[in-house]
>>> print(open('query27.json').read())   # JSON, C-alpha atoms and all ligand atoms
[["chain", "number", "residue", "atom", "x", "y", "z"],
["U", 249, "MET", "CA", 34.03, 156.70, 83.00],
["U", 250, "SER", "CA", 33.18, 155.59, 79.46],
["U", 251, "ASP", "CA", 32.45, 152.02, 78.41],
["U", 252, "ALA", "CA", 32.87, 152.84, 74.72],
["U", 253, "ALA", "CA", 32.24, 150.02, 72.24],
["U", 254, "THR", "CA", 35.42, 148.88, 70.46],
["U", 255, "SER", "CA", 36.01, 147.67, 66.90],
["U", 256, "PHE", "CA", 39.10, 145.50, 67.69],
["U", 257, "ASP", "CA", 40.33, 142.69, 69.91],
["U", 258, "SER", "CA", 43.28, 142.78, 72.29],
["U", 259, "ALA", "CA", 45.65, 141.20, 69.73],
["U", 260, "GLN", "CA", 44.87, 143.99, 67.24],
["U", 261, "TYR", "CA", 45.26, 146.56, 69.99],
["U", 262, "ARG", "CA", 48.74, 145.23, 70.87],
["U", 263, "SER", "CA", 49.72, 144.95, 67.22],
["U", 264, "VAL", "CA", 48.73, 148.51, 66.33],
["U", 265, "PHE", "CA", 50.48, 149.97, 69.38],
["U", 266, "GLY", "CA", 53.51, 147.85, 68.44],
["U", 267, "HIS", "CA", 53.78, 150.12, 65.39],
["U", 268, "LEU", "CA", 54.28, 153.14, 67.65],
["U", 269, "PRO", "CA", 58.02, 153.33, 68.49],
["U", 270, "THR", "CA", 59.00, 154.06, 72.09],
["U", 271, "GLY", "CA", 62.23, 154.66, 73.94],
["U", 272, "VAL", "CA", 63.17, 152.13, 76.61],
["U", 273, "VAL", "CA", 64.24, 152.78, 80.20],
["U", 274, "VAL", "CA", 64.91, 150.57, 83.17],
["U", 275, "ILE", "CA", 63.29, 152.10, 86.24],
["U", 276, "THR", "CA", 65.58, 151.33, 89.16],
["U", 277, "GLY", "CA", 65.23, 151.84, 92.88],
["U", 278, "ARG", "CA", 65.66, 150.01, 96.16],
["U", 279, "SER", "CA", 63.38, 148.15, 98.49],
["U", 280, "ALA", "CA", 62.97, 149.29, 102.11],
["U", 281, "ASN", "CA", 65.91, 147.04, 103.06],
["U", 282, "GLY", "CA", 68.17, 148.39, 100.29],
["U", 283, "GLU", "CA", 67.88, 145.53, 97.79],
["U", 284, "PRO", "CA", 68.30, 146.78, 94.17],
["U", 285, "LEU", "CA", 65.18, 146.54, 92.01],
["U", 286, "GLY", "CA", 64.45, 147.36, 88.39],
["U", 287, "LEU", "CA", 61.98, 146.83, 85.57],
["U", 288, "THR", "CA", 61.90, 147.64, 81.85],
["U", 289, "ILE", "CA", 59.46, 150.40, 80.89],
["U", 290, "GLY", "CA", 58.55, 151.77, 77.46],
["U", 291, "SER", "CA", 56.01, 154.33, 78.60],
["U", 292, "PHE", "CA", 58.37, 156.71, 80.42],
["U", 293, "THR", "CA", 57.93, 160.30, 79.27],
["U", 294, "SER", "CA", 58.41, 163.91, 80.23],
["U", 295, "ILE", "CA", 55.15, 165.35, 81.60],
["U", 296, "SER", "CA", 55.91, 168.94, 82.66],
["U", 297, "LEU", "CA", 58.84, 171.37, 82.51],
["U", 298, "ASP", "CA", 57.74, 173.82, 85.20],
["U", 299, "PRO", "CA", 57.61, 172.11, 87.61],
["U", 300, "PRO", "CA", 59.77, 169.31, 86.15],
["U", 301, "LEU", "CA", 57.67, 166.14, 86.21],
["U", 302, "ALA", "CA", 58.12, 162.81, 84.43],
["U", 303, "GLY", "CA", 56.18, 159.59, 84.61],
["U", 304, "PHE", "CA", 55.26, 156.19, 83.27],
["U", 305, "PHE", "CA", 52.45, 153.66, 83.25],
["U", 306, "VAL", "CA", 53.03, 150.50, 85.28],
["U", 307, "GLY", "CA", 50.87, 147.38, 85.23],
["U", 308, "ARG", "CA", 49.10, 146.64, 88.50],
["U", 309, "THR", "CA", 50.68, 143.14, 88.44],
["U", 310, "SER", "CA", 54.21, 144.59, 88.70],
["U", 311, "ARG", "CA", 56.14, 143.06, 91.58],
["U", 312, "SER", "CA", 59.08, 145.47, 91.62],
["U", 313, "TRP", "CA", 57.26, 148.80, 91.41],
["U", 314, "PRO", "CA", 55.34, 148.60, 94.72],
["U", 315, "LEU", "CA", 58.62, 147.76, 96.50],
["U", 316, "ILE", "CA", 60.46, 150.66, 94.84],
["U", 317, "ALA", "CA", 57.53, 152.98, 95.63],
["U", 318, "THR", "CA", 57.83, 152.33, 99.38],
["U", 319, "ARG", "CA", 61.15, 154.21, 99.34],
["U", 320, "GLY", "CA", 59.65, 157.03, 97.28],
["U", 321, "VAL", "CA", 62.53, 157.58, 94.84],
["U", 322, "PHE", "CA", 63.46, 156.04, 91.50],
["U", 323, "THR", "CA", 65.77, 156.55, 88.52],
["U", 324, "ALA", "CA", 64.99, 156.11, 84.83],
["U", 325, "ASN", "CA", 68.01, 154.57, 83.05],
["U", 326, "VAL", "CA", 67.74, 155.38, 79.33],
["U", 327, "LEU", "CA", 69.00, 152.31, 77.46],
["U", 328, "SER", "CA", 71.34, 152.46, 74.47],
["U", 329, "ALA", "CA", 70.62, 150.45, 71.32],
["U", 330, "ALA", "CA", 73.36, 148.00, 72.35],
["U", 331, "GLN", "CA", 71.54, 147.03, 75.57],
["U", 332, "SER", "CA", 69.00, 144.57, 74.21],
["U", 333, "GLU", "CA", 70.06, 141.92, 76.75],
["U", 334, "VAL", "CA", 69.44, 144.41, 79.57],
["U", 335, "CYS", "CA", 66.03, 145.32, 78.14],
["U", 336, "TRP", "CA", 64.86, 141.68, 78.14],
["U", 337, "ARG", "CA", 66.57, 140.78, 81.43],
["U", 338, "PHE", "CA", 64.61, 143.47, 83.31],
["U", 339, "ALA", "CA", 61.37, 142.47, 81.57],
["U", 340, "LYS", "CA", 61.52, 138.75, 82.40],
["U", 341, "ASP", "CA", 59.98, 137.39, 85.58],
["U", 342, "ALA", "CA", 62.53, 137.44, 88.41],
["U", 343, "THR", "CA", 61.77, 137.41, 92.09],
["U", 344, "ASP", "CA", 65.25, 136.56, 93.40],
["U", 345, "GLY", "CA", 67.22, 139.73, 92.56],
["U", 346, "SER", "CA", 68.91, 137.92, 89.65],
["U", 347, "ARG", "CA", 68.19, 140.82, 87.29],
["U", 348, "PHE", "CA", 71.26, 142.58, 88.74],
["U", 349, "SER", "CA", 73.58, 139.57, 88.84],
["U", 350, "GLY", "CA", 76.88, 140.30, 87.08],
["U", 351, "ILE", "CA", 75.99, 143.98, 86.55],
["U", 352, "ASP", "CA", 78.32, 146.50, 88.17],
["U", 353, "CYS", "CA", 76.03, 149.45, 89.02],
["U", 354, "SER", "CA", 76.97, 152.90, 90.26],
["U", 355, "SER", "CA", 74.56, 155.02, 92.29],
["U", 356, "SER", "CA", 72.39, 157.98, 91.37],
["U", 357, "LEU", "CA", 72.06, 161.03, 93.64],
["U", 358, "ASN", "CA", 68.87, 159.55, 95.12],
["U", 359, "GLY", "CA", 70.61, 156.23, 95.84],
["U", 360, "SER", "CA", 69.05, 154.18, 93.03],
["U", 361, "PRO", "CA", 71.23, 151.80, 90.97],
["U", 362, "VAL", "CA", 72.62, 153.29, 87.73],
["U", 363, "LEU", "CA", 73.20, 150.62, 85.09],
["U", 364, "PRO", "CA", 76.54, 150.80, 83.23],
["U", 365, "ASP", "CA", 76.65, 152.27, 79.69],
["U", 366, "VAL", "CA", 73.20, 153.86, 79.73],
["U", 367, "VAL", "CA", 72.62, 156.99, 77.61],
["U", 368, "ALA", "CA", 71.10, 159.14, 80.36],
["U", 369, "THR", "CA", 69.57, 159.02, 83.82],
["U", 370, "ILE", "CA", 66.59, 160.87, 85.27],
["U", 371, "ASP", "CA", 66.17, 160.86, 89.06],
["U", 372, "CYS", "CA", 62.65, 161.26, 90.44],
["U", 373, "THR", "CA", 60.88, 161.54, 93.75],
["U", 374, "LEU", "CA", 57.49, 159.85, 93.68],
["U", 375, "GLN", "CA", 54.88, 162.61, 93.67],
["U", 376, "ASP", "CA", 51.65, 160.93, 92.70],
["U", 377, "SER", "CA", 50.10, 157.72, 91.44],
["U", 378, "HIS", "CA", 46.74, 157.40, 89.66],
["U", 379, "MET", "CA", 44.82, 154.22, 88.84],
["U", 380, "VAL", "CA", 44.11, 154.23, 85.09],
["U", 381, "GLY", "CA", 42.49, 151.09, 83.68],
["U", 382, "ASP", "CA", 44.71, 148.10, 84.51],
["U", 383, "HIS", "CA", 47.79, 150.34, 84.97],
["U", 384, "ASP", "CA", 48.88, 153.05, 87.39],
["U", 385, "LEU", "CA", 50.14, 156.40, 86.09],
["U", 386, "VAL", "CA", 53.21, 157.13, 88.22],
["U", 387, "VAL", "CA", 54.21, 160.80, 88.40],
["U", 388, "GLY", "CA", 57.68, 161.71, 89.61],
["U", 389, "ALA", "CA", 59.17, 165.09, 90.51],
["U", 390, "VAL", "CA", 62.46, 165.21, 88.60],
["U", 391, "THR", "CA", 65.38, 165.93, 90.94],
["U", 392, "ASP", "CA", 68.42, 165.25, 88.70],
["U", 393, "VAL", "CA", 69.05, 164.76, 84.97],
["U", 394, "ARG", "CA", 72.28, 163.55, 83.35],
["U", 395, "VAL", "CA", 73.45, 162.55, 79.89],
["U", 396, "LEU", "CA", 76.17, 159.98, 80.59],
["U", 397, "ASN", "CA", 76.95, 158.78, 77.06],
["U", 398, "ALA", "CA", 75.89, 161.40, 74.51],
["U", 399, "ALA", "CA", 77.50, 159.57, 71.58],
["U", 400, "LEU", "CA", 75.50, 156.36, 72.07],
["U", 401, "PRO", "CA", 72.29, 155.93, 70.05],
["U", 402, "ALA", "CA", 69.31, 155.34, 72.32],
["U", 403, "MET", "CA", 67.24, 152.17, 72.08],
["U", 404, "VAL", "CA", 63.94, 152.19, 70.23],
["U", 405, "PHE", "CA", 61.30, 149.49, 70.68],
["U", 406, "PHE", "CA", 59.23, 148.88, 67.53],
["U", 407, "LYS", "CA", 57.06, 145.93, 66.42],
["U", 408, "GLY", "CA", 58.32, 143.80, 69.33],
["U", 409, "LYS", "CA", 62.01, 144.34, 68.61],
["U", 410, "THR", "CA", 64.77, 146.58, 69.89],
["U", 411, "GLY", "CA", 66.53, 148.90, 67.45],
["U", 412, "ASP", "CA", 68.51, 152.06, 67.06],
["U", 413, "ALA", "CA", 67.37, 155.69, 67.50],
["U", 414, "ARG", "CA", 70.23, 157.17, 65.53],
["U", 415, "ILE", "CA", 69.09, 160.00, 63.27],
["U", 416, "GLU", "CA", 71.55, 161.06, 60.60],
["U", 417, "SER", "CA", 72.28, 164.80, 60.60],
["S", 1, "LIG", "C1", 60.29, 147.18, 75.67],
["S", 1, "LIG", "C2", 59.41, 146.90, 76.89],
["S", 1, "LIG", "C3", 58.63, 147.92, 77.40],
["S", 1, "LIG", "C4", 57.80, 147.69, 78.52],
["S", 1, "LIG", "N1", 57.05, 148.72, 79.00],
["S", 1, "LIG", "C5", 56.27, 148.53, 80.08],
["S", 1, "LIG", "C6", 55.49, 149.60, 80.60],
["S", 1, "LIG", "O1", 55.51, 150.73, 80.11],
["S", 1, "LIG", "N2", 54.73, 149.34, 81.71],
["S", 1, "LIG", "C7", 54.70, 148.11, 82.29],
["S", 1, "LIG", "O2", 53.98, 147.94, 83.30],
["S", 1, "LIG", "N3", 55.45, 147.07, 81.82],
["S", 1, "LIG", "C8", 56.22, 147.25, 80.74],
["S", 1, "LIG", "N4", 56.98, 146.22, 80.26],
["S", 1, "LIG", "C9", 56.87, 144.89, 80.88],
["S", 1, "LIG", "C10", 57.67, 144.78, 82.19],
["S", 1, "LIG", "O3", 59.04, 145.06, 81.98],
["S", 1, "LIG", "C11", 57.53, 143.32, 82.73],
["S", 1, "LIG", "O4", 56.16, 143.05, 82.97],
["S", 1, "LIG", "C12", 58.35, 143.06, 83.97],
["S", 1, "LIG", "O5", 58.40, 141.65, 84.21],
["S", 1, "LIG", "C13", 57.79, 143.73, 85.23],
["S", 1, "LIG", "O6", 58.63, 143.36, 86.29],
["S", 1, "LIG", "P1", 58.17, 143.32, 87.80],
["S", 1, "LIG", "O7", 57.01, 142.34, 87.90],
["S", 1, "LIG", "O8", 59.40, 142.86, 88.55],
["S", 1, "LIG", "O9", 57.76, 144.71, 88.18],
["S", 1, "LIG", "C14", 57.79, 146.41, 79.13],
["S", 1, "LIG", "C15", 58.60, 145.39, 78.61],
["S", 1, "LIG", "C16", 59.39, 145.62, 77.49],
["S", 1, "LIG", "C17", 60.26, 144.51, 76.94]]
>>> encode(input="query27.json", output="structure tokens")
Amino acid sequence: MSDAATSFDSAQYRSVFGHLPTGVVVITGRSANGEPLGLTIGSFTSISLDPPLAGFFVGRTSRSWPLIATRGVFTANVLSAAQSEVCWRFAKDATDGSRFSGIDCSSSLNGSPVLPDVVATIDCTLQDSHMVGDHDLVVGAVTDVRVLNAALPAMVFFKGKTGDARIES
């Protein structure tokens, strides 16, 4: 473990990383009693092709993730640029299941909620979790991948705002 000296404060750290664009997913799953759960995540990424692994970093204060993890499966819902409301809804504090109110979800192969009008879904079985600083690195074995709406531009998060990942060809 290194305790390297730093040349910046946490506000600078956040600001500089705000200049690094990320995609946005909502990680969905279910609690042990079947209640739908989800949270907005910008750190989701492919890790390995053979075997297929994907993962994300989740803060240790997350309320939804430990409940999803008890069932051992989750789905990454890749948001479209038009889903800003969904992005913020699943990022705001909510302990009463209200994140899903008024949303008509379908189901992924692993039984997780699939949000309507998402660009793609990636189903995972929880393989591993590593404590890293104040976050956990969650590693999932990918069990199903689908592009549901190929024509929709994916969401990009940049400098604190949602935008559009369309690249002109
Ligand atoms: C664009 C965006 C990206 C985010 N990415 C992450 C992330 O990668 N990891 C994380 O722990 N929280 C991330 N968050 C914050 C969580 O969505 C937020 O803390 C949420 O309230 C957690 O919900 P929970 O406590 O129900 O688990 C992100 C929020 C936004 C708006």
>>> closest_residue(input="query27.json", among="U:Val273, U:Cys372, U:Val393, U:Leu400", to="ligand LIG 1 (chain S)", atoms="only C-alpha atoms and all ligand atoms")
U:Val273
>>> atom_distance(input="query27.json", atom1="atom CA of Asn397 of chain U", atom2="atom C5 of ligand LIG 1 (chain S)")
23.3 Å
>>> closest_residue(input="query27.json", among="U:Val264, U:Ala368, U:Ala317, U:Ala342", to="Val386 of chain U", atoms="all atoms listed in the file")
U:Ala317
>>> atom_distance(input="query27.json", atom1="atom CA of Glu333 of chain U", atom2="atom CA of Leu268 of chain U")
21.4 Å
>>> closest_atom_pairs(input="query27.json", of="chain U", to="ligand LIG 1 (chain S)", cutoff="7 Å", atoms="all atoms listed in the file", output="Markdown table")
| residue | atom | partner | partner_atom | distance |
| --- | --- | --- | --- | --- |
| U:Val272 | CA | S:LIG1 | C1 | 5.8 |
| U:Gly286 | CA | S:LIG1 | O8 | 6.8 |
| U:Leu287 | CA | S:LIG1 | O6 | 4.9 |
| U:Thr288 | CA | S:LIG1 | O3 | 3.9 |
| U:Ile289 | CA | S:LIG1 | N1 | 3.5 |
| U:Gly290 | CA | S:LIG1 | N1 | 3.7 |
| U:Ser291 | CA | S:LIG1 | O1 | 3.9 |
| U:Phe292 | CA | S:LIG1 | O1 | 6.6 |
| U:Phe304 | CA | S:LIG1 | O1 | 6.3 |
| U:Phe305 | CA | S:LIG1 | N2 | 5.1 |
| U:Val306 | CA | S:LIG1 | O2 | 3.4 |
| U:Gly307 | CA | S:LIG1 | O2 | 3.7 |
| U:Thr309 | CA | S:LIG1 | O7 | 6.4 |
| U:Ser310 | CA | S:LIG1 | O9 | 3.6 |
| U:Arg311 | CA | S:LIG1 | O7 | 3.8 |
| U:Ser312 | CA | S:LIG1 | O9 | 3.8 |
| U:Trp313 | CA | S:LIG1 | O9 | 5.2 |
| U:Cys335 | CA | S:LIG1 | C17 | 5.9 |
| U:Trp336 | CA | S:LIG1 | C17 | 5.5 |
| U:Phe338 | CA | S:LIG1 | O3 | 5.9 |
| U:Ala339 | CA | S:LIG1 | O3 | 3.5 |
| U:Lys340 | CA | S:LIG1 | O5 | 4.6 |
| U:Asp341 | CA | S:LIG1 | O5 | 4.7 |
| U:Ala342 | CA | S:LIG1 | O8 | 6.3 |
| U:Thr343 | CA | S:LIG1 | O8 | 6.9 |
| U:His383 | CA | S:LIG1 | O2 | 6.8 |
| U:Phe405 | CA | S:LIG1 | C1 | 5.6 |
>>> residues_around(input="query27.json", residues="Val362 of chain U", least_positions_apart="4", cutoff="12 Å", atoms="all atoms listed in the file", output="VMD selection string")
chain U and resid 273 to 278 284 to 286 322 to 327 348 351 to 358 366 to 371 394 396
>>> build_atoms(input="query27.json", residues="segment 261-280 of chain U", atoms="N, CA and C atoms", output="mmCIF file, in the coordinates of the input")
data_model
loop_
_atom_site.group_PDB
_atom_site.id
_atom_site.type_symbol
_atom_site.label_atom_id
_atom_site.label_comp_id
_atom_site.auth_asym_id
_atom_site.auth_seq_id
_atom_site.Cartn_x
_atom_site.Cartn_y
_atom_site.Cartn_z
ATOM 1 N N TYR U 261 44.857 145.414 69.182
ATOM 2 C CA TYR U 261 45.260 146.560 69.990
ATOM 3 C C TYR U 261 46.781 146.542 70.202
ATOM 4 N N ARG U 262 47.288 145.373 70.657
ATOM 5 C CA ARG U 262 48.740 145.230 70.870
ATOM 6 C C ARG U 262 49.512 145.448 69.584
ATOM 7 N N SER U 263 49.012 144.863 68.489
ATOM 8 C CA SER U 263 49.720 144.950 67.220
ATOM 9 C C SER U 263 49.822 146.396 66.730
ATOM 10 N N VAL U 264 48.706 147.120 66.817
ATOM 11 C CA VAL U 264 48.730 148.510 66.330
ATOM 12 C C VAL U 264 49.658 149.359 67.200
ATOM 13 N N PHE U 265 49.572 149.182 68.526
ATOM 14 C CA PHE U 265 50.480 149.970 69.380
ATOM 15 C C PHE U 265 51.931 149.536 69.224
ATOM 16 N N GLY U 266 52.151 148.291 68.742
ATOM 17 C CA GLY U 266 53.510 147.850 68.440
ATOM 18 C C GLY U 266 54.138 148.638 67.302
ATOM 19 N N HIS U 267 53.291 149.291 66.493
ATOM 20 C CA HIS U 267 53.780 150.120 65.390
ATOM 21 C C HIS U 267 54.128 151.537 65.835
ATOM 22 N N LEU U 268 53.908 151.832 67.106
ATOM 23 C CA LEU U 268 54.280 153.140 67.650
ATOM 24 C C LEU U 268 55.616 152.980 68.380
ATOM 25 N N PRO U 269 56.723 153.524 67.832
ATOM 26 C CA PRO U 269 58.020 153.330 68.490
ATOM 27 C C PRO U 269 58.085 154.037 69.841
ATOM 28 N N THR U 270 58.768 153.422 70.788
ATOM 29 C CA THR U 270 59.000 154.060 72.090
ATOM 30 C C THR U 270 60.479 153.952 72.447
ATOM 31 N N GLY U 271 60.939 154.847 73.305
ATOM 32 C CA GLY U 271 62.230 154.660 73.940
ATOM 33 C C GLY U 271 62.089 153.594 75.017
ATOM 34 N N VAL U 272 63.197 153.162 75.570
ATOM 35 C CA VAL U 272 63.170 152.130 76.610
ATOM 36 C C VAL U 272 64.038 152.579 77.776
ATOM 37 N N VAL U 273 63.456 152.511 78.978
ATOM 38 C CA VAL U 273 64.240 152.780 80.200
ATOM 39 C C VAL U 273 64.128 151.580 81.123
ATOM 40 N N VAL U 274 65.087 151.453 82.018
ATOM 41 C CA VAL U 274 64.910 150.570 83.170
ATOM 42 C C VAL U 274 64.722 151.482 84.379
ATOM 43 N N ILE U 275 63.546 151.356 84.999
ATOM 44 C CA ILE U 275 63.290 152.100 86.240
ATOM 45 C C ILE U 275 63.956 151.329 87.361
ATOM 46 N N THR U 276 64.904 151.983 88.041
ATOM 47 C CA THR U 276 65.580 151.330 89.160
ATOM 48 C C THR U 276 65.271 152.040 90.471
ATOM 49 N N GLY U 277 65.413 151.286 91.538
ATOM 50 C CA GLY U 277 65.230 151.840 92.880
ATOM 51 C C GLY U 277 65.667 150.784 93.881
ATOM 52 N N ARG U 278 65.292 150.984 95.114
ATOM 53 C CA ARG U 278 65.660 150.010 96.160
ATOM 54 C C ARG U 278 64.454 149.731 97.033
ATOM 55 N N SER U 279 64.429 148.509 97.539
ATOM 56 C CA SER U 279 63.380 148.150 98.490
ATOM 57 C C SER U 279 63.691 148.807 99.837
ATOM 58 N N ALA U 280 62.778 148.687 100.783
ATOM 59 C CA ALA U 280 62.970 149.290 102.110
ATOM 60 C C ALA U 280 64.257 148.792 102.757
#
